[in-house]
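Trainee: My file is my_file03.cif. It has mmCIF, C-alpha atoms (C1' of nucleotides):
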```cif
data_data
#
loop_
_atom_site.label_atom_id
_atom_site.label_comp_id
_atom_site.auth_asym_id
_atom_site.auth_seq_id
_atom_site.Cartn_x
_atom_site.Cartn_y
_atom_site.Cartn_z
CA MET E 166 63.41 22.28 -12.25
CA LYS E 167 60.90 23.73 -14.70
CA VAL E 168 57.29 22.59 -14.91
CA ILE E 169 54.55 23.77 -17.25
CA LYS E 170 51.04 24.89 -16.44
CA GLY E 171 48.84 21.89 -15.75
CA GLN E 172 51.70 19.53 -15.02
CA MET E 173 51.05 17.03 -12.20
CA LEU E 174 53.71 16.68 -9.54
CA GLN E 175 51.93 14.25 -7.26
CA ARG E 176 48.78 12.16 -7.33
CA ALA E 177 46.63 11.00 -4.42
CA GLY E 178 47.19 7.32 -3.77
CA GLU E 179 50.88 7.44 -4.63
CA LEU E 180 53.60 7.17 -2.06
CA ASN E 181 55.45 10.43 -2.05
CA THR E 182 58.18 11.81 0.11
CA LYS E 183 58.83 15.11 -1.61
CA VAL E 184 58.35 18.72 -0.66
CA PHE E 185 58.09 21.21 -3.52
CA GLY E 186 59.52 24.70 -3.20
CA VAL E 187 58.32 27.42 -5.56
CA GLU E 188 60.95 29.78 -6.98
CA THR E 189 58.65 31.31 -9.61
CA GLY E 190 55.09 30.46 -10.57
CA LEU E 191 52.18 28.93 -8.69
CA LEU E 192 51.34 25.43 -7.47
CA ARG E 193 48.31 24.05 -5.70
CA SER E 194 47.37 20.94 -3.73
CA TYR E 195 43.87 19.47 -3.74
CA THR E 196 41.74 16.42 -2.97
CA ILE E 197 38.98 14.85 -4.99
CA ASP E 198 36.10 13.51 -2.88
CA GLU E 199 33.88 10.48 -3.54
CA LYS E 200 31.46 12.60 -5.56
CA GLY E 201 34.32 13.69 -7.80
CA LYS E 202 34.44 17.22 -6.39
CA GLU E 203 37.77 19.01 -6.17
CA HIS E 204 38.75 20.78 -2.94
CA ILE E 205 41.83 22.97 -3.02
CA PHE E 206 43.86 22.60 0.15
CA ALA E 207 46.62 25.11 -0.58
CA PHE E 208 48.18 27.49 -3.06
CA ALA E 209 51.94 28.07 -3.10
CA ASN E 210 53.53 30.96 -4.91
CA GLU E 211 57.07 32.36 -4.93
CA GLY E 212 58.93 31.59 -1.73
CA TRP E 213 56.47 28.99 -0.44
CA THR E 214 56.58 25.24 -0.19
CA ILE E 215 53.85 22.69 -0.70
CA ALA E 216 53.54 19.03 0.18
CA ASP E 217 51.18 16.37 1.38
CA LEU E 218 52.23 15.68 4.95
CA CYS E 219 50.91 12.14 4.89
CA GLU E 220 53.01 9.57 6.67
CA VAL E 221 55.94 8.43 4.60
CA THR E 222 54.49 4.93 4.64
CA ASP E 223 50.93 5.94 3.68
CA PRO E 224 49.60 6.88 0.28
CA CYS E 225 48.99 10.59 -0.27
CA GLU E 226 45.60 12.19 -0.17
CA LEU E 227 46.52 15.25 -2.17
CA PHE E 228 47.15 15.98 -5.80
CA ILE E 229 49.73 18.66 -6.54
CA ASP E 230 49.95 20.43 -9.88
CA ALA E 231 51.09 23.68 -11.46
CA LEU E 232 48.63 26.52 -12.10
CA GLU E 233 51.28 28.48 -14.01
CA ASP E 234 54.57 27.62 -15.68
CA SER E 235 56.87 27.42 -12.66
CA THR E 236 60.39 26.89 -11.50
CA ILE E 237 60.53 24.63 -8.47
CA THR E 238 62.88 22.80 -6.20
CA VAL E 239 62.22 19.27 -5.05
CA ILE E 240 63.53 18.05 -1.73
CA ASP E 241 63.03 14.92 0.31
CA LYS E 242 60.74 15.33 3.32
CA GLU E 243 63.25 13.88 5.76
CA GLU E 244 65.94 16.11 4.34
CA ARG E 245 63.69 19.13 4.68
CA LYS E 246 62.86 18.31 8.29
CA LYS E 247 66.53 18.67 9.13
CA GLN E 248 66.76 22.14 7.62
CA VAL E 249 63.41 23.76 8.25
CA ASP E 250 63.02 26.53 10.78
CA ILE E 251 60.61 25.61 13.57
CA ASN E 252 59.00 29.06 13.35
CA THR E 253 58.03 28.45 9.74
CA VAL E 254 56.30 25.21 10.70
CA VAL E 255 54.58 26.71 13.72
CA ASN E 256 53.34 29.56 11.56
CA ARG E 257 51.88 27.05 9.17
CA ILE E 258 49.93 25.51 12.04
CA PHE E 259 48.63 28.95 12.94
CA VAL E 260 47.39 29.50 9.38
CA LEU E 261 45.62 26.14 9.47
CA GLN E 262 44.13 26.99 12.87
CA LYS E 263 42.59 30.11 11.30
CA ARG E 264 41.37 28.11 8.34
CA VAL E 265 39.63 25.52 10.53
CA ILE E 266 37.97 28.24 12.59
CA MET E 267 36.83 29.97 9.39
CA LEU E 268 35.36 26.77 8.00
CA MET E 269 33.51 26.14 11.26
CA SER E 270 32.12 29.60 11.83
CA ALA E 271 32.27 31.92 8.82
CA SER E 272 29.78 32.49 5.98
CA ALA E 273 30.77 32.37 2.32
CA LEU E 274 31.01 36.17 2.33
CA GLU E 275 33.26 36.27 5.39
CA ARG E 276 35.53 33.58 3.99
CA TYR E 277 35.91 35.43 0.71
CA GLN E 278 36.70 38.72 2.41
CA HIS E 279 39.29 37.03 4.58
CA PHE E 280 40.85 35.46 1.51
CA LEU E 281 41.03 38.80 -0.31
CA LYS E 282 42.77 40.34 2.66
CA THR E 283 45.14 37.46 3.33
CA TYR E 284 46.13 36.49 -0.22
CA PRO E 285 45.74 39.61 -2.37
CA ASN E 286 48.53 38.44 -4.65
CA ILE E 287 46.92 35.05 -5.28
CA VAL E 288 43.48 36.50 -6.04
CA GLN E 289 44.54 37.98 -9.39
CA ARG E 290 46.28 34.85 -10.55
CA VAL E 291 43.63 32.16 -10.14
CA SER E 292 40.10 31.68 -11.46
CA GLN E 293 37.08 32.23 -9.26
CA LYS E 294 36.39 28.56 -9.54
CA MET E 295 39.72 27.91 -7.78
CA ILE E 296 39.02 30.46 -5.09
CA ALA E 297 35.58 28.95 -4.52
CA SER E 298 37.14 25.54 -4.19
CA TYR E 299 39.66 26.83 -1.65
CA LEU E 300 36.91 28.52 0.35
CA GLY E 301 34.76 25.40 0.40
CA VAL E 302 31.85 26.83 -1.60
CA THR E 303 30.60 26.38 -5.16
CA PRO E 304 31.57 28.78 -7.98
CA GLU E 305 27.90 29.81 -8.20
CA ALA E 306 27.83 30.75 -4.53
CA LEU E 307 31.04 32.77 -4.87
CA SER E 308 29.67 34.55 -7.93
CA ARG E 309 26.61 35.63 -5.94
CA VAL E 310 28.74 36.75 -3.00
CA ARG E 311 30.82 38.90 -5.35
CA LYS E 312 27.68 40.37 -6.88
CA GLU E 313 26.43 41.40 -3.44
CA LEU E 314 29.82 42.91 -2.63
CA SER E 315 29.91 44.94 -5.85
CA LYS E 316 26.36 46.19 -5.26
CA ALA E 317 27.33 47.41 -1.80
CA GLU E 318 30.51 48.73 -3.42
CA MET I 288 50.20 22.09 38.35
CA LYS I 289 46.66 21.03 39.21
CA VAL I 290 43.56 22.59 37.70
CA ILE I 291 39.92 21.82 38.36
CA LYS I 292 37.14 21.12 35.92
CA GLY I 293 35.95 24.36 34.35
CA GLN I 294 39.06 26.33 35.17
CA MET I 295 40.15 28.79 32.47
CA LEU I 296 43.79 28.74 31.46
CA GLN I 297 43.65 31.30 28.68
CA ARG I 298 41.14 33.74 27.28
CA ALA I 299 40.84 35.05 23.72
CA GLY I 300 42.08 38.63 23.55
CA GLU I 301 44.83 38.07 26.07
CA LEU I 302 48.47 37.96 25.15
CA ASN I 303 49.70 34.51 25.92
CA THR I 304 52.95 32.73 25.34
CA LYS I 305 52.27 29.44 27.05
CA VAL I 306 51.88 25.88 25.88
CA PHE I 307 49.96 23.53 28.16
CA GLY I 308 50.93 19.88 28.45
CA VAL I 309 48.42 17.41 29.85
CA GLU I 310 49.72 14.80 32.29
CA THR I 311 46.28 13.64 33.44
CA GLY I 312 42.84 14.93 32.56
CA LEU I 313 41.41 16.74 29.58
CA LEU I 314 41.70 20.28 28.22
CA ARG I 315 40.09 21.96 25.25
CA SER I 316 40.62 25.09 23.16
CA TYR I 317 37.77 26.97 21.51
CA THR I 318 36.65 30.24 19.92
CA ILE I 319 33.47 32.18 20.38
CA ASP I 320 32.15 33.79 17.19
CA GLU I 321 30.26 37.10 16.79
CA LYS I 322 26.95 35.33 17.29
CA GLY I 323 28.20 33.97 20.61
CA LYS I 324 28.56 30.43 19.33
CA GLU I 325 31.34 28.25 20.70
CA HIS I 326 33.54 26.27 18.29
CA ILE I 327 35.93 23.74 19.78
CA PHE I 328 39.26 23.76 18.02
CA ALA I 329 40.99 20.98 19.91
CA PHE I 330 40.85 18.50 22.75
CA ALA I 331 44.01 17.46 24.58
CA ASN I 332 44.17 14.44 26.86
CA GLU I 333 47.05 12.64 28.53
CA GLY I 334 50.30 13.08 26.69
CA TRP I 335 49.13 15.92 24.43
CA THR I 336 49.80 19.61 24.40
CA ILE I 337 47.48 22.47 23.60
CA ALA I 338 48.07 26.13 22.80
CA ASP I 339 46.94 29.03 20.68
CA LEU I 340 49.69 29.48 18.12
CA CYS I 341 48.92 33.14 17.65
CA GLU I 342 51.92 35.39 17.14
CA VAL I 343 53.59 36.24 20.40
CA THR I 344 52.76 39.88 19.77
CA ASP I 345 49.10 39.31 18.87
CA PRO I 346 46.21 38.64 21.18
CA CYS I 347 44.95 35.05 21.27
CA GLU I 348 41.86 33.88 19.47
CA LEU I 349 41.32 30.80 21.57
CA PHE I 350 40.01 30.12 25.04
CA ILE I 351 41.57 27.17 26.83
CA ASP I 352 39.93 25.47 29.80
CA ALA I 353 39.75 22.17 31.64
CA LEU I 354 36.97 19.68 30.90
CA GLU I 355 38.11 17.47 33.80
CA ASP I 356 40.25 17.97 36.87
CA SER I 357 43.71 17.80 35.35
CA THR I 358 47.40 17.86 36.07
CA ILE I 359 49.25 19.99 33.57
CA THR I 360 52.62 21.46 32.77
CA VAL I 361 53.04 25.01 31.56
CA ILE I 362 55.93 25.95 29.35
CA ASP I 363 56.86 29.07 27.42
CA LYS I 364 56.28 28.84 23.66
CA GLU I 365 59.81 29.89 22.78
CA GLU I 366 61.18 27.41 25.26
CA ARG I 367 59.05 24.67 23.78
CA LYS I 368 60.18 25.48 20.25
CA LYS I 369 63.74 24.65 21.30
CA GLN I 370 62.76 21.24 22.60
CA VAL I 371 59.98 20.00 20.39
CA ASP I 372 60.55 17.22 17.91
CA ILE I 373 59.94 18.33 14.33
CA ASN I 374 58.02 15.11 13.64
CA THR I 375 55.50 15.96 16.34
CA VAL I 376 54.86 19.33 14.74
CA VAL I 377 54.64 17.94 11.23
CA ASN I 378 52.19 15.34 12.43
CA ARG I 379 50.06 18.07 13.90
CA ILE I 380 49.96 19.77 10.51
CA PHE I 381 48.87 16.50 8.98
CA VAL I 382 46.00 16.20 11.46
CA LEU I 383 44.91 19.75 10.63
CA GLN I 384 45.17 18.98 6.93
CA LYS I 385 42.71 16.12 7.43
CA ARG I 386 40.44 18.34 9.49
CA VAL I 387 40.32 21.05 6.82
CA ILE I 388 39.56 18.49 4.12
CA MET I 389 36.82 17.01 6.33
CA LEU I 390 35.24 20.40 6.92
CA MET I 391 35.30 21.16 3.20
CA SER I 392 33.96 17.88 1.91
CA ALA I 393 32.35 15.64 4.52
CA SER I 394 28.74 15.47 5.76
CA ALA I 395 27.84 15.58 9.45
CA LEU I 396 27.59 11.79 9.44
CA GLU I 397 31.00 11.30 7.86
CA ARG I 398 32.62 13.75 10.28
CA TYR I 399 31.12 11.96 13.27
CA GLN I 400 32.24 8.55 12.05
CA HIS I 401 35.74 9.87 11.47
CA PHE I 402 35.78 11.33 14.96
CA LEU I 403 34.64 8.04 16.52
CA LYS I 404 37.42 6.20 14.74
CA THR I 405 40.12 8.77 15.39
CA TYR I 406 39.39 9.72 19.00
CA PRO I 407 37.62 6.72 20.59
CA ASN I 408 39.07 7.63 23.98
CA ILE I 409 37.78 11.20 23.85
CA VAL I 410 34.26 10.20 22.81
CA GLN I 411 33.38 8.72 26.20
CA ARG I 412 34.70 11.65 28.15
CA VAL I 413 32.92 14.61 26.58
CA SER I 414 29.28 15.55 26.03
CA GLN I 415 27.69 15.31 22.62
CA LYS I 416 27.40 19.05 22.65
CA MET I 417 31.19 19.23 22.76
CA ILE I 418 31.59 16.71 19.99
CA ALA I 419 29.07 18.59 17.86
CA SER I 420 30.98 21.80 18.46
CA TYR I 421 34.24 20.12 17.42
CA LEU I 422 32.63 18.72 14.28
CA GLY I 423 31.17 22.07 13.30
CA VAL I 424 27.52 21.06 13.60
CA THR I 425 24.75 21.77 16.11
CA PRO I 426 23.94 19.36 18.95
CA GLU I 427 20.53 18.80 17.31
CA ALA I 428 22.15 17.75 14.04
CA LEU I 429 24.51 15.37 15.85
CA SER I 430 21.63 13.86 17.79
CA ARG I 431 19.83 13.09 14.54
CA VAL I 432 22.96 11.63 12.98
CA ARG I 433 23.35 9.32 15.97
CA LYS I 434 19.72 8.28 15.71
CA GLU I 435 20.20 7.32 12.08
CA LEU I 436 23.32 5.37 12.96
CA SER I 437 21.59 3.45 15.75
CA LYS I 438 18.66 2.63 13.46
CA ALA I 439 21.04 1.19 10.89
CA GLU I 440 22.82 -0.47 13.85
"C1'" DT B 212 16.17 14.01 48.79
"C1'" DT B 213 14.91 17.94 46.22
"C1'" DC B 214 15.43 21.61 43.20
"C1'" DA B 215 17.88 23.72 39.43
"C1'" DT B 216 20.63 23.55 35.60
"C1'" DT B 217 22.22 21.57 31.68
"C1'" DT B 218 21.97 17.98 28.15
"C1'" DC B 219 19.63 15.23 24.88
"C1'" DT B 220 15.92 14.37 21.94
"C1'" DT B 221 12.17 15.26 18.80
"C1'" DG B 222 9.24 18.08 15.95
"C1'" DA B 223 8.29 22.17 12.96
"C1'" DT B 224 10.09 25.58 10.27
"C1'" DC B 225 13.63 28.31 7.93
"C1'" DT B 226 17.73 29.38 5.13
"C1'" DA B 227 22.45 29.45 3.12
"C1'" DG B 228 24.29 27.35 -0.03
"C1'" DA B 229 24.08 23.21 -3.33
"C1'" DT B 230 22.43 21.50 -7.48
"C1'" DC B 231 20.65 21.71 -12.06
"C1'" DA B 232 20.18 24.17 -16.21
"C1'" DA B 233 20.71 27.78 -19.76
"C1'" DT B 234 23.28 31.60 -21.66
"C1'" DG B 235 27.01 34.56 -22.98
"C1'" DC B 236 31.91 35.00 -22.81
"C1'" DC B 237 36.64 34.56 -23.17
"C1'" DA B 238 41.12 32.11 -24.23
"C1'" DG B 239 43.80 28.64 -26.38
"C1'" DG B 240 44.67 25.42 -29.97
"C1'" DC B 241 44.72 24.49 -34.76
"C1'" DG J 191 40.36 33.80 -37.82
"C1'" DC J 192 37.45 30.17 -36.20
"C1'" DC J 193 36.13 26.62 -33.30
"C1'" DT J 194 35.71 24.58 -28.83
"C1'" DG J 195 35.73 23.80 -24.09
"C1'" DG J 196 36.08 25.81 -19.80
"C1'" DC J 197 34.57 29.95 -17.02
"C1'" DA J 198 31.34 33.24 -15.08
"C1'" DT J 199 26.73 34.61 -14.41
"C1'" DT J 200 21.87 34.18 -13.51
"C1'" DG J 201 17.58 31.85 -12.51
"C1'" DA J 202 14.81 28.00 -10.48
"C1'" DT J 203 14.63 24.49 -7.37
"C1'" DC J 204 16.25 21.46 -3.70
"C1'" DT J 205 18.31 20.00 0.70
"C1'" DA J 206 21.40 19.44 4.75
"C1'" DG J 207 21.68 21.39 8.50
"C1'" DA J 208 20.38 25.65 11.41
"C1'" DT J 209 17.14 27.66 14.28
"C1'" DC J 210 13.35 27.74 17.41
"C1'" DA J 211 10.62 25.45 20.75
"C1'" DA J 212 9.25 22.20 24.20
"C1'" DG J 213 9.52 18.05 26.88
"C1'" DA J 214 12.35 14.26 29.10
"C1'" DA J 215 16.47 12.68 31.17
"C1'" DA J 216 20.60 13.22 33.35
"C1'" DT J 217 23.77 15.80 36.50
"C1'" DG J 218 24.98 18.36 40.36
"C1'" DA J 219 24.63 21.34 44.33
"C1'" DA J 220 22.78 22.10 48.99
#
```
Go ahead and express the file in the form of structure tokens.
Mentor:
Amino acid sequence: MKVIKGQMLQRAGELNTKVFGVETGLLRSYTIDEKGKEHIFAFANEGWTIADLCEVTDPCELFIDALEDSTITVIDKEERKKQVDINTVVNRIFVLQKRVIMLMSASALERYQHFLKTYPNIVQRVSQKMIASYLGVTPEALSRVRKELSKAE
Amino acid sequence: MKVIKGQMLQRAGELNTKVFGVETGLLRSYTIDEKGKEHIFAFANEGWTIADLCEVTDPCELFIDALEDSTITVIDKEERKKQVDINTVVNRIFVLQKRVIMLMSASALERYQHFLKTYPNIVQRVSQKMIASYLGVTPEALSRVRKELSKAE
DNA sequence: TTCATTTCTTGATCTAGATCAATGCCAGGC
DNA sequence: GCCTGGCATTGATCTAGATCAAGAAATGAA
């Protein structure tokens, strides 16, 4: 299935039982808080999947849309559970474990450096605003962090 | 297997391939950052499991110890992967998803209220210092949040 | 019981990052 | 090619929560 840049695949508040697999392109999931601020939960590029793992009976919390024109596969959550390798899922928990620890203990600078190292291929494809949102800081804060980094070159 | 309050089950930096299941009592996992500050990643009471999902070949990041005298089971990670229900694992991802979103968007007050609602049984069994550490705030900040809450009663 | 250790609270101060605001810039749509 | 709206940068100010400090209350060991 082809989707174009900006196309919404899922909205918070909807019931949704799908998992999206990316063949080419780039998707993201995000929340919008009470103050209207966007927080990116995940990026998914080629070979990755993305979904809101809310209960099947509960409305979703995440929006999912395309950051680039993409080719994706759509599969039912229950169907996917039958096929998925346990190691893939466990690895996902490990990534989230790291993310939680980062958010609890790392400065804006440390988070950005970790992101650069971990997702070098994503860095070039998204705006700084998006990266800031993923890191849990404002675009202004990220801009200043980058300035410091370039000074220290 | 019986362990006493304060007993360490795993240290960061060690290789470890175990998953701990709690039959009675209470365990926790936590990191210590460069400044020496403790950050609690998870609590596990009766019926839950706890582990550092680091790669089998990598050293752990988490310490695991007992907050109460506990009876636990110890199982190898690979062994557990064969047995575990996919829904259990997916649910764990969902919990982490919520946690990440909380850490990115919620104030100390909101985090505390969410914790009270989500883990009412843990609240009574751990110190405020522990709760603060789990929430990613200082004990002082949590104390002030609680004061505000009691004022508003 | 007593002493020591840790926890909780409260106050004073500090700071990383948020917010608000202005400017220049680039990219996409027409 | 020319708008136009979002993006990045920079500066000024603000604020939630951190840090530091000190006393009170709880916990625990001998």
Trainee: Could the residues of chain J that have an atom at most 9 Å from chain I be listed as a tab-separated table, each with its closest atom pair and the distance in Å to one decimal, counting all atoms listed in the file and ordered by chain and ascending residue number?
Mentor:
```
residue	atom	partner	partner_atom	distance
J:DA206	C1'	I:Ser394	CA	8.4
J:DG207	C1'	I:Ala428	CA	6.6
J:DA208	C1'	I:Thr425	CA	7.5
```
Trainee: What does the file look like for those residues with C-alpha atoms (C1' of nucleotides), as an mmCIF file, in the frame of the given file?
Mentor:
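Resulting contents of part-v8.cif:
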```cif
data_model
loop_
_atom_site.group_PDB
_atom_site.id
_atom_site.type_symbol
_atom_site.label_atom_id
_atom_site.label_comp_id
_atom_site.auth_asym_id
_atom_site.auth_seq_id
_atom_site.Cartn_x
_atom_site.Cartn_y
_atom_site.Cartn_z
ATOM 1 C "C1'" DA J 206 21.400 19.440 4.750
ATOM 2 C "C1'" DG J 207 21.680 21.390 8.500
ATOM 3 C "C1'" DA J 208 20.380 25.650 11.410
#
```
Trainee: Report as CSV the residues of chain I within 8 Å of chain E, each with its shortest atom pair and distance in Å (one decimal), using only C-alpha atoms, ordered by chain and increasing residue number.
Mentor:
```
residue,atom,partner,partner_atom,distance
I:Thr318,CA,E:Ile266,CA,7.7
I:Asp320,CA,E:Ser270,CA,6.8
I:His326,CA,E:Met269,CA,7.0
I:Phe328,CA,E:Ile266,CA,7.2
I:Asp339,CA,E:Phe259,CA,7.9
I:Leu340,CA,E:Phe259,CA,5.3
I:Cys341,CA,E:Phe259,CA,6.3
I:Lys368,CA,E:Ile251,CA,6.7
I:Ile373,CA,E:Lys246,CA,6.7
I:Asn374,CA,E:Lys246,CA,7.9
I:Val376,CA,E:Val254,CA,7.3
I:Val377,CA,E:Leu218,CA,7.1
I:Asn378,CA,E:Leu218,CA,7.5
I:Arg379,CA,E:Ile258,CA,7.7
I:Ile380,CA,E:Ile258,CA,5.9
I:Phe381,CA,E:Leu218,CA,5.3
I:Leu383,CA,E:Leu261,CA,6.5
I:Gln384,CA,E:Leu261,CA,7.6
I:Arg386,CA,E:Val265,CA,7.3
I:Val387,CA,E:Val265,CA,5.8
I:Ile388,CA,E:Phe206,CA,7.2
I:Leu390,CA,E:Leu268,CA,6.5
I:Met391,CA,E:Gly301,CA,5.1
I:Ser392,CA,E:Asp198,CA,6.8
I:Gly423,CA,E:Met269,CA,5.1
```
Trainee: Quick one: chain E onto chain I, least squares on all Cα paired in order, result as a CSV table (one decimal) with C-alpha atoms, in the frame of the given file?
Mentor:
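The resulting file, result-v7.csv, is shown below:
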```
chain,number,residue,atom,x,y,z
E,166,MET,CA,50.2,22.1,38.4
E,167,LYS,CA,46.7,21.0,39.2
E,168,VAL,CA,43.6,22.6,37.7
E,169,ILE,CA,39.9,21.8,38.4
E,170,LYS,CA,37.1,21.1,35.9
E,171,GLY,CA,35.9,24.3,34.3
E,172,GLN,CA,39.1,26.3,35.2
E,173,MET,CA,40.2,28.8,32.5
E,174,LEU,CA,43.8,28.7,31.4
E,175,GLN,CA,43.7,31.3,28.7
E,176,ARG,CA,41.1,33.8,27.3
E,177,ALA,CA,40.8,35.1,23.7
E,178,GLY,CA,42.1,38.6,23.5
E,179,GLU,CA,44.8,38.1,26.1
E,180,LEU,CA,48.5,38.0,25.2
E,181,ASN,CA,49.7,34.5,26.0
E,182,THR,CA,52.9,32.7,25.3
E,183,LYS,CA,52.3,29.4,27.1
E,184,VAL,CA,51.9,25.9,25.9
E,185,PHE,CA,50.0,23.5,28.2
E,186,GLY,CA,50.9,19.9,28.5
E,187,VAL,CA,48.4,17.4,29.9
E,188,GLU,CA,49.7,14.8,32.3
E,189,THR,CA,46.3,13.6,33.4
E,190,GLY,CA,42.8,14.9,32.6
E,191,LEU,CA,41.4,16.7,29.6
E,192,LEU,CA,41.7,20.3,28.2
E,193,ARG,CA,40.1,22.0,25.2
E,194,SER,CA,40.6,25.1,23.2
E,195,TYR,CA,37.8,27.0,21.5
E,196,THR,CA,36.7,30.2,19.9
E,197,ILE,CA,33.5,32.2,20.4
E,198,ASP,CA,32.2,33.8,17.2
E,199,GLU,CA,30.3,37.1,16.8
E,200,LYS,CA,27.0,35.3,17.3
E,201,GLY,CA,28.2,34.0,20.6
E,202,LYS,CA,28.6,30.4,19.3
E,203,GLU,CA,31.4,28.2,20.7
E,204,HIS,CA,33.6,26.3,18.3
E,205,ILE,CA,35.9,23.7,19.8
E,206,PHE,CA,39.3,23.8,18.0
E,207,ALA,CA,41.0,21.0,19.9
E,208,PHE,CA,40.9,18.5,22.8
E,209,ALA,CA,44.0,17.5,24.6
E,210,ASN,CA,44.2,14.5,26.9
E,211,GLU,CA,47.1,12.6,28.6
E,212,GLY,CA,50.3,13.1,26.7
E,213,TRP,CA,49.1,15.9,24.4
E,214,THR,CA,49.8,19.6,24.4
E,215,ILE,CA,47.5,22.5,23.6
E,216,ALA,CA,48.1,26.1,22.8
E,217,ASP,CA,47.0,29.0,20.7
E,218,LEU,CA,49.7,29.5,18.1
E,219,CYS,CA,48.9,33.1,17.6
E,220,GLU,CA,51.9,35.4,17.2
E,221,VAL,CA,53.6,36.2,20.4
E,222,THR,CA,52.8,39.9,19.8
E,223,ASP,CA,49.1,39.3,18.9
E,224,PRO,CA,46.2,38.7,21.2
E,225,CYS,CA,44.9,35.1,21.3
E,226,GLU,CA,41.9,33.9,19.5
E,227,LEU,CA,41.3,30.8,21.6
E,228,PHE,CA,40.0,30.1,25.0
E,229,ILE,CA,41.6,27.2,26.8
E,230,ASP,CA,39.9,25.5,29.8
E,231,ALA,CA,39.8,22.2,31.6
E,232,LEU,CA,37.0,19.7,30.9
E,233,GLU,CA,38.1,17.5,33.8
E,234,ASP,CA,40.2,18.0,36.9
E,235,SER,CA,43.7,17.8,35.4
E,236,THR,CA,47.4,17.9,36.1
E,237,ILE,CA,49.3,20.0,33.6
E,238,THR,CA,52.6,21.5,32.8
E,239,VAL,CA,53.0,25.0,31.6
E,240,ILE,CA,55.9,26.0,29.4
E,241,ASP,CA,56.9,29.1,27.4
E,242,LYS,CA,56.3,28.8,23.7
E,243,GLU,CA,59.8,29.9,22.8
E,244,GLU,CA,61.2,27.4,25.3
E,245,ARG,CA,59.1,24.7,23.8
E,246,LYS,CA,60.2,25.5,20.3
E,247,LYS,CA,63.7,24.7,21.3
E,248,GLN,CA,62.8,21.2,22.6
E,249,VAL,CA,60.0,20.0,20.4
E,250,ASP,CA,60.5,17.2,17.9
E,251,ILE,CA,59.9,18.3,14.3
E,252,ASN,CA,58.0,15.1,13.6
E,253,THR,CA,55.5,16.0,16.3
E,254,VAL,CA,54.8,19.3,14.8
E,255,VAL,CA,54.6,18.0,11.2
E,256,ASN,CA,52.2,15.4,12.4
E,257,ARG,CA,50.1,18.1,13.9
E,258,ILE,CA,49.9,19.8,10.5
E,259,PHE,CA,48.8,16.5,9.0
E,260,VAL,CA,46.0,16.2,11.4
E,261,LEU,CA,44.9,19.7,10.6
E,262,GLN,CA,45.2,19.0,6.9
E,263,LYS,CA,42.7,16.1,7.4
E,264,ARG,CA,40.4,18.3,9.5
E,265,VAL,CA,40.3,21.0,6.8
E,266,ILE,CA,39.5,18.5,4.1
E,267,MET,CA,36.8,17.0,6.3
E,268,LEU,CA,35.2,20.4,6.9
E,269,MET,CA,35.3,21.1,3.2
E,270,SER,CA,33.9,17.9,1.9
E,271,ALA,CA,32.3,15.6,4.5
E,272,SER,CA,28.7,15.5,5.8
E,273,ALA,CA,27.8,15.6,9.4
E,274,LEU,CA,27.6,11.8,9.4
E,275,GLU,CA,31.0,11.3,7.9
E,276,ARG,CA,32.6,13.7,10.3
E,277,TYR,CA,31.1,12.0,13.3
E,278,GLN,CA,32.2,8.6,12.0
E,279,HIS,CA,35.7,9.9,11.5
E,280,PHE,CA,35.8,11.3,15.0
E,281,LEU,CA,34.6,8.0,16.5
E,282,LYS,CA,37.4,6.2,14.7
E,283,THR,CA,40.1,8.8,15.4
E,284,TYR,CA,39.4,9.7,19.0
E,285,PRO,CA,37.6,6.7,20.6
E,286,ASN,CA,39.1,7.6,24.0
E,287,ILE,CA,37.8,11.2,23.8
E,288,VAL,CA,34.3,10.2,22.8
E,289,GLN,CA,33.4,8.7,26.2
E,290,ARG,CA,34.7,11.6,28.1
E,291,VAL,CA,32.9,14.6,26.6
E,292,SER,CA,29.3,15.6,26.0
E,293,GLN,CA,27.7,15.3,22.6
E,294,LYS,CA,27.4,19.0,22.7
E,295,MET,CA,31.2,19.2,22.8
E,296,ILE,CA,31.6,16.7,20.0
E,297,ALA,CA,29.1,18.6,17.9
E,298,SER,CA,31.0,21.8,18.4
E,299,TYR,CA,34.2,20.1,17.4
E,300,LEU,CA,32.6,18.7,14.3
E,301,GLY,CA,31.2,22.1,13.3
E,302,VAL,CA,27.5,21.1,13.6
E,303,THR,CA,24.8,21.8,16.1
E,304,PRO,CA,23.9,19.4,18.9
E,305,GLU,CA,20.5,18.8,17.3
E,306,ALA,CA,22.1,17.7,14.1
E,307,LEU,CA,24.5,15.4,15.8
E,308,SER,CA,21.6,13.9,17.8
E,309,ARG,CA,19.8,13.1,14.5
E,310,VAL,CA,22.9,11.6,13.0
E,311,ARG,CA,23.3,9.3,16.0
E,312,LYS,CA,19.7,8.3,15.7
E,313,GLU,CA,20.2,7.3,12.1
E,314,LEU,CA,23.3,5.4,13.0
E,315,SER,CA,21.6,3.5,15.8
E,316,LYS,CA,18.7,2.6,13.5
E,317,ALA,CA,21.0,1.2,10.9
E,318,GLU,CA,22.8,-0.5,13.8
```
Trainee: Which residues, written as a CSV table (one decimal) with C-alpha atoms, keeping the file's coordinate frame, have at least one atom at most 9 Å from Phe185 in chain E, with all atoms listed in the file counted and residues fewer than 2 positions away on the same chain left out?
Mentor:
```
chain,number,residue,atom,x,y,z
E,174,LEU,CA,53.7,16.7,-9.5
E,183,LYS,CA,58.8,15.1,-1.6
E,187,VAL,CA,58.3,27.4,-5.6
E,192,LEU,CA,51.3,25.4,-7.5
E,213,TRP,CA,56.5,29.0,-0.4
E,214,THR,CA,56.6,25.2,-0.2
E,215,ILE,CA,53.8,22.7,-0.7
E,216,ALA,CA,53.5,19.0,0.2
E,237,ILE,CA,60.5,24.6,-8.5
E,238,THR,CA,62.9,22.8,-6.2
E,239,VAL,CA,62.2,19.3,-5.0
E,240,ILE,CA,63.5,18.0,-1.7
E,241,ASP,CA,63.0,14.9,0.3
```
